[in-house]
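So this block is query.cif, mmCIF, C-alpha atoms (C1' of nucleotides):
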data_data
loop_
_atom_site.group_PDB
_atom_site.id
_atom_site.type_symbol
_atom_site.label_atom_id
_atom_site.label_comp_id
_atom_site.auth_asym_id
_atom_site.auth_seq_id
_atom_site.Cartn_x
_atom_site.Cartn_y
_atom_site.Cartn_z
ATOM 1 C CA MET M 5 -19.009 2.665 7.436
ATOM 2 C CA ARG M 6 -16.542 3.085 4.605
ATOM 3 C CA ILE M 7 -12.924 1.952 5.063
ATOM 4 C CA ALA M 8 -10.354 2.720 2.378
ATOM 5 C CA SER M 9 -6.708 1.993 1.641
ATOM 6 C CA TRP M 10 -4.331 3.875 -0.639
ATOM 7 C CA ASN M 11 -0.611 3.759 -1.327
ATOM 8 C CA VAL M 12 -0.038 7.459 -2.017
ATOM 9 C CA ASN M 13 3.654 7.284 -3.012
ATOM 10 C CA SER M 14 4.563 10.428 -1.016
ATOM 11 C CA ILE M 15 1.872 12.200 1.011
ATOM 12 C CA ARG M 16 3.393 15.595 0.264
ATOM 13 C CA GLN M 17 3.256 15.039 -3.514
ATOM 14 C CA ARG M 18 -0.303 13.697 -3.237
ATOM 15 C CA LEU M 19 -2.026 16.192 -0.945
ATOM 16 C CA GLN M 20 -4.435 17.600 -3.548
ATOM 17 C CA PRO M 21 -5.621 14.195 -4.876
ATOM 18 C CA LEU M 22 -5.884 13.052 -1.254
ATOM 19 C CA LEU M 23 -8.123 15.947 -0.237
ATOM 20 C CA ALA M 24 -10.223 15.368 -3.354
ATOM 21 C CA PHE M 25 -10.662 11.689 -2.428
ATOM 22 C CA LEU M 26 -11.642 12.567 1.142
ATOM 23 C CA LYS M 27 -14.282 14.944 -0.192
ATOM 24 C CA GLU M 28 -15.645 12.698 -2.953
ATOM 25 C CA ALA M 29 -15.518 9.233 -1.380
ATOM 26 C CA ALA M 30 -15.809 10.500 2.210
ATOM 27 C CA PRO M 31 -14.321 7.360 3.809
ATOM 28 C CA ASP M 32 -14.811 7.026 7.563
ATOM 29 C CA ALA M 33 -11.252 5.717 7.746
ATOM 30 C CA LEU M 34 -8.428 5.838 5.206
ATOM 31 C CA CYS M 35 -5.229 3.800 5.529
ATOM 32 C CA LEU M 36 -2.234 5.325 3.774
ATOM 33 C CA GLN M 37 1.040 3.710 2.740
ATOM 34 C CA GLU M 38 4.352 5.067 1.462
ATOM 35 C CA THR M 39 3.846 8.478 3.006
ATOM 36 C CA LYS M 40 7.633 8.929 2.678
ATOM 37 C CA CYS M 41 8.101 11.640 5.281
ATOM 38 C CA GLU M 42 8.922 12.030 8.929
ATOM 39 C CA ASP M 43 6.065 12.812 11.302
ATOM 40 C CA HIS M 44 6.995 16.494 11.649
ATOM 41 C CA ALA M 45 6.692 16.933 7.860
ATOM 42 C CA PHE M 46 3.281 15.230 7.587
ATOM 43 C CA PRO M 47 0.577 17.646 6.309
ATOM 44 C CA ARG M 48 -1.503 17.123 9.445
ATOM 45 C CA LEU M 49 -3.211 20.533 9.518
ATOM 46 C CA GLU M 50 -4.560 20.289 5.971
ATOM 47 C CA ILE M 51 -6.006 16.856 6.723
ATOM 48 C CA GLU M 52 -7.467 17.910 10.066
ATOM 49 C CA ASP M 53 -9.086 20.868 8.315
ATOM 50 C CA ALA M 54 -10.806 18.323 6.059
ATOM 51 C CA GLY M 55 -12.374 16.760 9.148
ATOM 52 C CA TYR M 56 -10.048 13.850 9.864
ATOM 53 C CA ASN M 57 -8.037 12.706 12.849
ATOM 54 C CA VAL M 58 -4.563 11.386 12.107
ATOM 55 C CA ALA M 59 -2.316 8.617 13.444
ATOM 56 C CA ILE M 60 1.144 8.455 11.855
ATOM 57 C CA HIS M 61 4.087 6.073 11.736
ATOM 58 C CA GLY M 62 6.490 7.943 9.470
ATOM 59 C CA GLN M 63 10.027 7.497 8.260
ATOM 60 C CA LYS M 64 12.464 9.592 6.280
ATOM 61 C CA THR M 65 12.452 8.952 2.497
ATOM 62 C CA PHE M 66 10.975 5.435 2.525
ATOM 63 C CA ASN M 67 7.889 3.576 3.703
ATOM 64 C CA GLY M 68 5.648 5.351 6.216
ATOM 65 C CA VAL M 69 2.024 4.504 7.086
ATOM 66 C CA ALA M 70 -0.890 6.439 8.543
ATOM 67 C CA ILE M 71 -4.573 6.129 9.400
ATOM 68 C CA LEU M 72 -7.008 8.999 8.875
ATOM 69 C CA SER M 73 -10.377 8.768 10.607
ATOM 70 C CA LYS M 74 -13.453 10.926 11.037
ATOM 71 C CA SER M 75 -13.819 9.522 14.546
ATOM 72 C CA PRO M 76 -11.052 9.697 17.151
ATOM 73 C CA LEU M 77 -8.401 6.974 16.881
ATOM 74 C CA ASP M 78 -8.186 4.771 19.962
ATOM 75 C CA ASP M 79 -5.752 2.085 21.108
ATOM 76 C CA VAL M 80 -3.106 3.057 18.511
ATOM 77 C CA THR M 81 -0.351 0.476 17.885
ATOM 78 C CA ILE M 82 2.831 1.685 16.174
ATOM 79 C CA GLY M 83 4.802 -1.022 14.387
ATOM 80 C CA LEU M 84 3.953 -4.672 13.745
ATOM 81 C CA PRO M 85 3.942 -6.520 17.076
ATOM 82 C CA GLY M 86 6.514 -9.297 17.199
ATOM 83 C CA PHE M 87 8.488 -8.159 14.161
ATOM 84 C CA ASP M 88 12.147 -7.269 14.545
ATOM 85 C CA GLY M 89 12.253 -4.996 11.511
ATOM 86 C CA GLU M 90 10.862 -2.019 13.382
ATOM 87 C CA ALA M 91 13.445 0.169 11.644
ATOM 88 C CA GLN M 92 11.071 0.310 8.674
ATOM 89 C CA SER M 93 7.717 2.032 9.219
ATOM 90 C CA ARG M 94 5.304 -0.459 7.712
ATOM 91 C CA TYR M 95 2.469 -0.993 10.202
ATOM 92 C CA ILE M 96 0.040 1.060 12.263
ATOM 93 C CA GLU M 97 -3.217 -0.057 13.859
ATOM 94 C CA ALA M 98 -6.030 1.748 15.651
ATOM 95 C CA VAL M 99 -9.664 1.386 16.659
ATOM 96 C CA VAL M 100 -12.187 3.668 14.958
ATOM 97 C CA SER M 101 -15.814 4.236 15.892
ATOM 98 C CA ASP M 102 -18.624 3.890 13.374
ATOM 99 C CA GLY M 103 -20.695 6.508 15.162
ATOM 100 C CA ALA M 104 -23.473 4.039 16.006
ATOM 101 C CA GLY M 105 -21.842 2.573 19.094
ATOM 102 C CA GLY M 106 -19.823 0.059 17.091
ATOM 103 C CA ALA M 107 -16.078 0.020 16.568
ATOM 104 C CA THR M 108 -13.715 -1.478 14.009
ATOM 105 C CA ARG M 109 -10.019 -2.219 14.436
ATOM 106 C CA VAL M 110 -8.156 -0.993 11.364
ATOM 107 C CA ALA M 111 -4.545 -1.635 10.309
ATOM 108 C CA SER M 112 -2.582 0.188 7.617
ATOM 109 C CA ILE M 113 0.024 -2.195 6.196
ATOM 110 C CA TYR M 114 2.885 -1.649 3.770
ATOM 111 C CA ALA M 115 4.390 -5.077 3.180
ATOM 112 C CA PRO M 116 7.904 -5.261 1.705
ATOM 113 C CA ASN M 117 8.264 -5.566 -2.062
ATOM 114 C CA GLY M 118 10.885 -8.327 -1.792
ATOM 115 C CA ASN M 119 12.635 -7.884 -5.138
ATOM 116 C CA PRO M 120 15.068 -9.111 -6.253
ATOM 117 C CA PRO M 121 14.130 -12.523 -4.790
ATOM 118 C CA ASP M 122 17.738 -13.770 -4.644
ATOM 119 C CA THR M 123 18.690 -11.072 -2.132
ATOM 120 C CA PRO M 124 17.953 -10.658 1.608
ATOM 121 C CA LYS M 125 14.971 -8.530 0.601
ATOM 122 C CA TYR M 126 12.922 -11.645 -0.159
ATOM 123 C CA PRO M 127 13.363 -13.443 3.175
ATOM 124 C CA TYR M 128 12.625 -10.086 4.817
ATOM 125 C CA LYS M 129 9.325 -9.959 2.928
ATOM 126 C CA LEU M 130 8.445 -13.507 4.013
ATOM 127 C CA ALA M 131 9.417 -12.777 7.620
ATOM 128 C CA PHE M 132 7.132 -9.748 7.632
ATOM 129 C CA MET M 133 4.256 -11.841 6.268
ATOM 130 C CA GLU M 134 4.867 -14.496 8.903
ATOM 131 C CA ALA M 135 4.821 -11.930 11.725
ATOM 132 C CA LEU M 136 1.720 -10.331 10.242
ATOM 133 C CA THR M 137 0.004 -13.723 10.158
ATOM 134 C CA ARG M 138 0.842 -14.364 13.825
ATOM 135 C CA HIS M 139 -0.508 -10.953 14.811
ATOM 136 C CA ALA M 140 -3.605 -11.370 12.629
ATOM 137 C CA ALA M 141 -4.315 -14.655 14.421
ATOM 138 C CA ALA M 142 -4.050 -12.911 17.783
ATOM 139 C CA LEU M 143 -6.485 -10.215 16.623
ATOM 140 C CA LEU M 144 -9.051 -12.840 15.622
ATOM 141 C CA ARG M 145 -9.141 -14.084 19.197
ATOM 142 C CA LEU M 146 -10.504 -10.666 20.239
ATOM 143 C CA GLU M 147 -13.589 -11.421 18.094
ATOM 144 C CA GLU M 148 -13.738 -7.828 16.888
ATOM 145 C CA SER M 149 -14.597 -6.287 13.557
ATOM 146 C CA VAL M 150 -11.109 -6.038 11.980
ATOM 147 C CA VAL M 151 -9.952 -4.662 8.633
ATOM 148 C CA LEU M 152 -6.323 -5.346 7.660
ATOM 149 C CA ALA M 153 -5.844 -2.844 4.847
ATOM 150 C CA GLY M 154 -2.872 -2.034 2.746
ATOM 151 C CA ASP M 155 -0.326 -2.629 0.039
ATOM 152 C CA TYR M 156 0.528 -6.300 0.524
ATOM 153 C CA ASN M 157 2.806 -6.434 -2.520
ATOM 154 C CA VAL M 158 1.160 -9.777 -3.303
ATOM 155 C CA ILE M 159 -0.569 -10.751 -6.551
ATOM 156 C CA PRO M 160 -2.897 -13.433 -5.163
ATOM 157 C CA ALA M 161 -3.838 -15.221 -8.400
ATOM 158 C CA PRO M 162 -3.197 -15.212 -12.173
ATOM 159 C CA GLY M 163 -6.370 -13.179 -12.767
ATOM 160 C CA ASP M 164 -4.862 -10.386 -10.701
ATOM 161 C CA VAL M 165 -2.071 -9.544 -13.183
ATOM 162 C CA TYR M 166 -2.170 -8.554 -16.855
ATOM 163 C CA GLU M 167 0.336 -11.181 -17.989
ATOM 164 C CA PRO M 168 0.967 -13.893 -15.380
ATOM 165 C CA SER M 169 3.793 -15.533 -17.329
ATOM 166 C CA ALA M 170 5.834 -12.324 -17.173
ATOM 167 C CA TRP M 171 5.602 -12.271 -13.360
ATOM 168 C CA MET M 172 6.328 -15.902 -12.489
ATOM 169 C CA GLY M 173 9.731 -15.189 -10.941
ATOM 170 C CA ASP M 174 8.797 -11.877 -9.319
ATOM 171 C CA ALA M 175 8.682 -11.520 -5.533
ATOM 172 C CA LEU M 176 5.056 -10.337 -5.806
ATOM 173 C CA PHE M 177 3.907 -13.544 -7.506
ATOM 174 C CA LEU M 178 6.254 -16.350 -6.467
ATOM 175 C CA PRO M 179 4.496 -19.456 -5.092
ATOM 176 C CA GLN M 180 5.970 -18.857 -1.621
ATOM 177 C CA THR M 181 4.572 -15.303 -1.661
ATOM 178 C CA ARG M 182 1.101 -16.407 -2.673
ATOM 179 C CA ALA M 183 1.207 -19.200 -0.100
ATOM 180 C CA ALA M 184 2.095 -16.706 2.634
ATOM 181 C CA PHE M 185 -0.906 -14.552 1.666
ATOM 182 C CA GLN M 186 -3.137 -17.628 1.545
ATOM 183 C CA ARG M 187 -2.063 -18.597 5.087
ATOM 184 C CA LEU M 188 -3.317 -15.201 6.237
ATOM 185 C CA LEU M 189 -6.684 -15.845 4.591
ATOM 186 C CA ASN M 190 -6.771 -19.375 5.981
ATOM 187 C CA LEU M 191 -6.880 -17.950 9.499
ATOM 188 C CA GLY M 192 -10.407 -16.807 8.689
ATOM 189 C CA TYR M 193 -9.981 -13.468 6.928
ATOM 190 C CA ALA M 194 -11.870 -12.638 3.748
ATOM 191 C CA ASP M 195 -10.271 -10.873 0.777
ATOM 192 C CA ALA M 196 -12.997 -8.214 0.525
ATOM 193 C CA LEU M 197 -12.841 -7.798 -3.240
ATOM 194 C CA ARG M 198 -12.998 -11.561 -3.825
ATOM 195 C CA ALA M 199 -15.971 -11.781 -1.495
ATOM 196 C CA THR M 200 -17.892 -9.687 -4.027
ATOM 197 C CA THR M 201 -16.622 -10.776 -7.453
ATOM 198 C CA ASP M 202 -14.576 -13.412 -9.308
ATOM 199 C CA ALA M 203 -13.868 -11.076 -12.225
ATOM 200 C CA PRO M 204 -10.242 -10.977 -13.414
ATOM 201 C CA GLY M 205 -8.448 -7.776 -14.367
ATOM 202 C CA LEU M 206 -9.434 -5.684 -11.345
ATOM 203 C CA TYR M 207 -6.207 -3.824 -10.651
ATOM 204 C CA THR M 208 -5.015 -1.353 -8.011
ATOM 205 C CA PHE M 209 -1.553 -0.553 -9.440
ATOM 206 C CA TRP M 210 -0.220 0.473 -12.833
ATOM 207 C CA ASP M 211 3.496 1.209 -13.249
ATOM 208 C CA TYR M 212 4.516 4.723 -14.243
ATOM 209 C CA GLN M 213 6.744 3.265 -16.942
ATOM 210 C CA ALA M 214 6.167 2.196 -20.524
ATOM 211 C CA GLY M 215 2.543 3.324 -20.729
ATOM 212 C CA ALA M 216 1.342 0.646 -18.309
ATOM 213 C CA TRP M 217 -1.810 2.631 -17.454
ATOM 214 C CA GLN M 218 -2.708 3.331 -21.083
ATOM 215 C CA LYS M 219 -2.234 -0.369 -21.927
ATOM 216 C CA ASN M 220 -4.042 -1.483 -18.741
ATOM 217 C CA LYS M 221 -1.011 -3.487 -17.650
ATOM 218 C CA GLY M 222 -1.960 -3.550 -13.981
ATOM 219 C CA LEU M 223 -1.657 -5.576 -10.793
ATOM 220 C CA ARG M 224 -4.025 -6.217 -7.885
ATOM 221 C CA ILE M 225 -1.747 -5.877 -4.857
ATOM 222 C CA ASP M 226 -3.714 -3.617 -2.479
ATOM 223 C CA HIS M 227 -6.122 -5.612 -0.353
ATOM 224 C CA LEU M 228 -8.692 -5.305 2.420
ATOM 225 C CA LEU M 229 -8.789 -8.378 4.657
ATOM 226 C CA LEU M 230 -11.869 -8.714 6.828
ATOM 227 C CA SER M 231 -12.307 -10.626 10.050
ATOM 228 C CA PRO M 232 -15.528 -12.696 10.202
ATOM 229 C CA ARG M 233 -17.334 -9.963 12.120
ATOM 230 C CA ALA M 234 -16.373 -7.409 9.471
ATOM 231 C CA ALA M 235 -17.059 -9.758 6.562
ATOM 232 C CA ASP M 236 -20.581 -10.364 7.859
ATOM 233 C CA ARG M 237 -21.225 -6.630 7.407
ATOM 234 C CA LEU M 238 -19.669 -6.280 3.933
ATOM 235 C CA ALA M 239 -22.008 -4.474 1.557
ATOM 236 C CA ARG M 240 -19.788 -3.229 -1.279
ATOM 237 C CA VAL M 241 -16.206 -3.000 -2.501
ATOM 238 C CA ASP M 242 -14.913 -0.512 -5.054
ATOM 239 C CA ILE M 243 -11.608 0.429 -6.640
ATOM 240 C CA ALA M 244 -11.178 4.159 -7.276
ATOM 241 C CA LYS M 245 -9.709 3.521 -10.708
ATOM 242 C CA ALA M 246 -10.340 7.052 -12.009
ATOM 243 C CA MET M 247 -7.660 8.370 -9.638
ATOM 244 C CA ARG M 248 -4.980 6.869 -11.871
ATOM 245 C CA ALA M 249 -5.999 9.169 -14.748
ATOM 246 C CA GLY M 250 -5.875 12.351 -12.643
ATOM 247 C CA ASP M 251 -3.167 14.981 -12.320
ATOM 248 C CA LYS M 252 0.051 13.802 -10.673
ATOM 249 C CA PRO M 253 -1.375 10.379 -9.788
ATOM 250 C CA SER M 254 0.112 7.819 -7.470
ATOM 251 C CA ASP M 255 0.935 4.571 -9.245
ATOM 252 C CA HIS M 256 -1.619 2.942 -6.906
ATOM 253 C CA VAL M 257 -5.331 3.787 -6.579
ATOM 254 C CA ALA M 258 -7.532 3.528 -3.503
ATOM 255 C CA ILE M 259 -9.700 0.513 -2.706
ATOM 256 C CA TYR M 260 -12.576 0.773 -0.247
ATOM 257 C CA ALA M 261 -15.243 -1.331 1.413
ATOM 258 C CA ASP M 262 -18.602 -0.352 2.839
ATOM 259 C CA LEU M 263 -19.624 -2.164 6.012
ATOM 260 C CA ALA M 264 -23.255 -2.123 7.141
ATOM 261 C CA ALA M 265 -24.031 -0.978 10.676
ATOM 262 C CA ALA M 266 -23.132 -3.636 13.229
ATOM 263 C "C1'" DA T 18 16.234 -4.202 -22.672
ATOM 264 C "C1'" DT T 19 20.468 -3.766 -16.382
ATOM 265 C "C1'" DG T 20 15.327 0.509 -20.146
ATOM 266 C "C1'" DA T 21 11.043 3.078 -19.821
ATOM 267 C "C1'" DC T 22 8.723 7.035 -14.761
ATOM 268 C "C1'" DT T 23 8.375 9.107 -10.177
ATOM 269 C "C1'" DT T 24 10.095 10.132 -5.714
ATOM 270 C "C1'" DA T 25 13.608 11.628 -2.035
ATOM 271 C "C1'" DT T 26 18.018 13.091 -1.091
ATOM 272 C "C1'" DT T 27 20.884 16.210 -2.549
ATOM 273 C "C1'" DA T 28 22.941 19.425 -5.964
ATOM 274 C "C1'" DA T 29 24.288 15.561 -10.787
ATOM 275 C "C1'" DA T 30 23.834 11.395 -9.564
ATOM 276 C "C1'" DT T 31 21.944 7.469 -6.940
ATOM 277 C "C1'" DA T 32 18.547 4.336 -4.905
ATOM 278 C "C1'" DA T 33 14.039 2.323 -4.555
ATOM 279 C "C1'" DG T 34 9.854 1.104 -6.133
ATOM 280 C "C1'" DA T 35 6.865 -3.146 -8.464
#

I'd like the structure from this file rewritten - as structure tokens, please.
Amino acid sequence: MRIASWNVNSIRQRLQPLLAFLKEAAPDALCLQETKCEDHAFPRLEIEDAGYNVAIHGQKTFNGVAILSKSPLDDVTIGLPGFDGEAQSRYIEAVVSDGAGGATRVASIYAPNGNPPDTPKYPYKLAFMEALTRHAAALLRLEESVVLAGDYNVIPAPGDVYEPSAWMGDALFLPQTRAAFQRLLNLGYADALRATTDAPGLYTFWDYQAGAWQKNKGLRIDHLLLSPRAADRLARVDIAKAMRAGDKPSDHVAIYADLAAA
DNA sequence: ATGACTTATTAAATAAGA
């Protein structure tokens, strides 16, 4: 089954590219971040017409996450368990079926940016990561196939950013940020892309400003983390880079993983 | 370079993103 993640930067502005991605890549499940609208304004009918079920955790103006799935969404969890910052819609989780009797637990995650680091935004980012790590540990104990997908706002390593020296003091690349992400991996999750390649320069985000896309000044900040049961099934990972060159693109592109039948 | 774009809210600016 194919599981994808994409920060759309407004679902209403991105409906046409979204429908095109659903048709072309045909993911079994797609995790969305930064939908930026309340649930009543979510374009549910258009997405259902494309053959997908929808679970939403929306918010006015900011944040907002959702999971689209060809199969029905079971055991839906709204909000990150154990995190006080429920005022911001940054986490939704559900179980999707792979159609062959197997099931995978999927989370759509929009971790805080955290900039500027000398403001309360940075400790908020670290607190979110800590709560996510605690929850991720609890999920491992279920011994399920789990995919924690989303915009982590973390550049894991120097090869994941066009110019590491320019990002040393940024909340996305500070040592404490990278350590927090590493603690999540240390639980036993695999960074799906890094399970398939060591190549540097594989980005999922290019800023709208200053010709970042044209100059390939990108970041790898959208990640798929796989529990051992999911990692054992990993067949392929791809970044839908061509999306960034389309009409009215998001500043992020989708990343997806193919898991073999359980 | 406290910039550059894009979005939402709201009605010409402001805030947030990364």

- Could you expand the PyMOL selection byres ((chain T) within 8 of (chain M)) into the explicit residues it covers here, written as a PyMOL selection string? chain T and resi 21-26+34-35

- Got a sec: who's within 12 Å of His139 of chain M, counting all atoms listed in the file, leaving out chain neighbours fewer than 5 positions off, as a list in words?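 Here the answer would be Thr81, Gly83, Leu84, Pro85, Gly86, Phe87, Tyr95, Glu97, Ala111, Phe132, Met133, Glu134, Leu144, Arg145, Leu146, Leu152, Leu188 and Leu191 of chain M.
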
- Task: Skip Arg18 of chain M itself and residues of its chain fewer than 3 positions away, then list as a PyMOL selection string all residues within 12 Å of it, counting all atoms listed in the file.
- Result: (chain M and resi 10-15+21-25+36-40+46-47+51+247-248+250-257) or (chain T and resi 24)

Write out, as a tab-separated table (two decimals), in the frame of the given file, the residues just selected, with C-alpha atoms (C1' of nucleotides).
chain	number	residue	atom	x	y	z
M	10	TRP	CA	-4.33	3.88	-0.64
M	11	ASN	CA	-0.61	3.76	-1.33
M	12	VAL	CA	-0.04	7.46	-2.02
M	13	ASN	CA	3.65	7.28	-3.01
M	14	SER	CA	4.56	10.43	-1.02
M	15	ILE	CA	1.87	12.20	1.01
M	21	PRO	CA	-5.62	14.20	-4.88
M	22	LEU	CA	-5.88	13.05	-1.25
M	23	LEU	CA	-8.12	15.95	-0.24
M	24	ALA	CA	-10.22	15.37	-3.35
M	25	PHE	CA	-10.66	11.69	-2.43
M	36	LEU	CA	-2.23	5.32	3.77
M	37	GLN	CA	1.04	3.71	2.74
M	38	GLU	CA	4.35	5.07	1.46
M	39	THR	CA	3.85	8.48	3.01
M	40	LYS	CA	7.63	8.93	2.68
M	46	PHE	CA	3.28	15.23	7.59
M	47	PRO	CA	0.58	17.65	6.31
M	51	ILE	CA	-6.01	16.86	6.72
M	247	MET	CA	-7.66	8.37	-9.64
M	248	ARG	CA	-4.98	6.87	-11.87
M	250	GLY	CA	-5.88	12.35	-12.64
M	251	ASP	CA	-3.17	14.98	-12.32
M	252	LYS	CA	0.05	13.80	-10.67
M	253	PRO	CA	-1.38	10.38	-9.79
M	254	SER	CA	0.11	7.82	-7.47
M	255	ASP	CA	0.94	4.57	-9.24
M	256	HIS	CA	-1.62	2.94	-6.91
M	257	VAL	CA	-5.33	3.79	-6.58
T	24	DT	C1'	10.10	10.13	-5.71

- Shell of 6 Å around Tyr260 of chain M, all atoms listed in the file, local chain residues under 5 positions omitted, as a list of chain:residue names: M:Ile7, M:Ala8, M:Val241, M:Asp242

Keeping only C-alpha atoms, write the selected residues as an mmCIF file, in the coordinates of the input.
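This is the output file again.cif:
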data_model
loop_
_atom_site.group_PDB
_atom_site.id
_atom_site.type_symbol
_atom_site.label_atom_id
_atom_site.label_comp_id
_atom_site.auth_asym_id
_atom_site.auth_seq_id
_atom_site.Cartn_x
_atom_site.Cartn_y
_atom_site.Cartn_z
ATOM 1 C CA ILE M 7 -12.924 1.952 5.063
ATOM 2 C CA ALA M 8 -10.354 2.720 2.378
ATOM 3 C CA VAL M 241 -16.206 -3.000 -2.501
ATOM 4 C CA ASP M 242 -14.913 -0.512 -5.054
#

- Quick one: residues within 6 Å of Thr108 of chain M, only C-alpha atoms (C1' of nucleotides) counted, chain neighbours fewer than 4 positions away excluded, as a list of chain:residue names? M:Val99, M:Val100, M:Ser149, M:Val150

- Item | Reference answer for the PyMOL selection byres ((chain M and resi 235) around 12), as number ranges by chain | M: 108, 148-152, 192-200, 228-234, 236-241, 261-266

- Message: What does the structure give for the distance between atom CA of Leu49 of chain M and atom CA of Ser75 of chain M, in Å to one decimal?
- Response: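 Interatomic distance, atom CA of Leu49 of chain M to atom CA of Ser75 of chain M: 16.1 Å.
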
- Just give me the gap between atom CA of Arg224 of chain M and atom CA of Gln63 of chain M in Å, one decimal is fine.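 The value is 25.4 Å.
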
- Expressed in Å to a single decimal, how great is the separation between atom CA of Asp202 of chain M and atom CA of Asp164 of chain M?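 It comes out at 10.3 Å.
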
Repaired coordinates for segment 200-211 of chain M (N, CA, C and O atoms) as a PDB file, keeping the file's coordinate frame:
ATOM      1  N   THR M 200     -16.818 -10.321  -3.254  1.00  0.00           N
ATOM      2  CA  THR M 200     -17.892  -9.687  -4.027  1.00  0.00           C
ATOM      3  C   THR M 200     -17.862 -10.036  -5.501  1.00  0.00           C
ATOM      4  O   THR M 200     -18.872  -9.865  -6.188  1.00  0.00           O
ATOM      5  N   THR M 201     -16.704 -10.483  -6.020  1.00  0.00           N
ATOM      6  CA  THR M 201     -16.622 -10.776  -7.453  1.00  0.00           C
ATOM      7  C   THR M 201     -15.460 -11.723  -7.760  1.00  0.00           C
ATOM      8  O   THR M 201     -14.424 -11.685  -7.084  1.00  0.00           O
ATOM      9  N   ASP M 202     -15.652 -12.549  -8.812  1.00  0.00           N
ATOM     10  CA  ASP M 202     -14.576 -13.412  -9.308  1.00  0.00           C
ATOM     11  C   ASP M 202     -13.917 -12.816 -10.550  1.00  0.00           C
ATOM     12  O   ASP M 202     -13.042 -13.443 -11.145  1.00  0.00           O
ATOM     13  N   ALA M 203     -14.330 -11.627 -10.949  1.00  0.00           N
ATOM     14  CA  ALA M 203     -13.868 -11.076 -12.225  1.00  0.00           C
ATOM     15  C   ALA M 203     -12.350 -10.867 -12.218  1.00  0.00           C
ATOM     16  O   ALA M 203     -11.801 -10.331 -11.257  1.00  0.00           O
ATOM     17  N   PRO M 204     -11.672 -11.273 -13.297  1.00  0.00           N
ATOM     18  CA  PRO M 204     -10.242 -10.977 -13.414  1.00  0.00           C
ATOM     19  C   PRO M 204     -10.030  -9.537 -13.875  1.00  0.00           C
ATOM     20  O   PRO M 204     -10.977  -8.852 -14.270  1.00  0.00           O
ATOM     21  N   GLY M 205      -8.784  -9.081 -13.807  1.00  0.00           N
ATOM     22  CA  GLY M 205      -8.448  -7.776 -14.367  1.00  0.00           C
ATOM     23  C   GLY M 205      -8.887  -6.593 -13.527  1.00  0.00           C
ATOM     24  O   GLY M 205      -9.047  -5.494 -14.044  1.00  0.00           O
ATOM     25  N   LEU M 206      -9.101  -6.802 -12.248  1.00  0.00           N
ATOM     26  CA  LEU M 206      -9.434  -5.684 -11.345  1.00  0.00           C
ATOM     27  C   LEU M 206      -8.154  -5.269 -10.627  1.00  0.00           C
ATOM     28  O   LEU M 206      -7.735  -5.906  -9.675  1.00  0.00           O
ATOM     29  N   TYR M 207      -7.537  -4.204 -11.107  1.00  0.00           N
ATOM     30  CA  TYR M 207      -6.207  -3.824 -10.651  1.00  0.00           C
ATOM     31  C   TYR M 207      -6.232  -2.620  -9.722  1.00  0.00           C
ATOM     32  O   TYR M 207      -7.151  -1.801  -9.763  1.00  0.00           O
ATOM     33  N   THR M 208      -5.173  -2.517  -8.898  1.00  0.00           N
ATOM     34  CA  THR M 208      -5.015  -1.353  -8.011  1.00  0.00           C
ATOM     35  C   THR M 208      -3.708  -0.609  -8.267  1.00  0.00           C
ATOM     36  O   THR M 208      -3.446   0.413  -7.642  1.00  0.00           O
ATOM     37  N   PHE M 209      -2.869  -1.142  -9.151  1.00  0.00           N
ATOM     38  CA  PHE M 209      -1.553  -0.553  -9.440  1.00  0.00           C
ATOM     39  C   PHE M 209      -1.253  -0.654 -10.917  1.00  0.00           C
ATOM     40  O   PHE M 209      -1.479  -1.703 -11.537  1.00  0.00           O
ATOM     41  N   TRP M 210      -0.738   0.455 -11.469  1.00  0.00           N
ATOM     42  CA  TRP M 210      -0.220   0.473 -12.833  1.00  0.00           C
ATOM     43  C   TRP M 210       1.102   1.228 -12.783  1.00  0.00           C
ATOM     44  O   TRP M 210       1.157   2.379 -12.324  1.00  0.00           O
ATOM     45  N   ASP M 211       2.164   0.605 -13.270  1.00  0.00           N
ATOM     46  CA  ASP M 211       3.496   1.209 -13.249  1.00  0.00           C
ATOM     47  C   ASP M 211       3.491   2.549 -13.994  1.00  0.00           C
ATOM     48  O   ASP M 211       2.734   2.743 -14.942  1.00  0.00           O
TER      49      ASP M 211
END
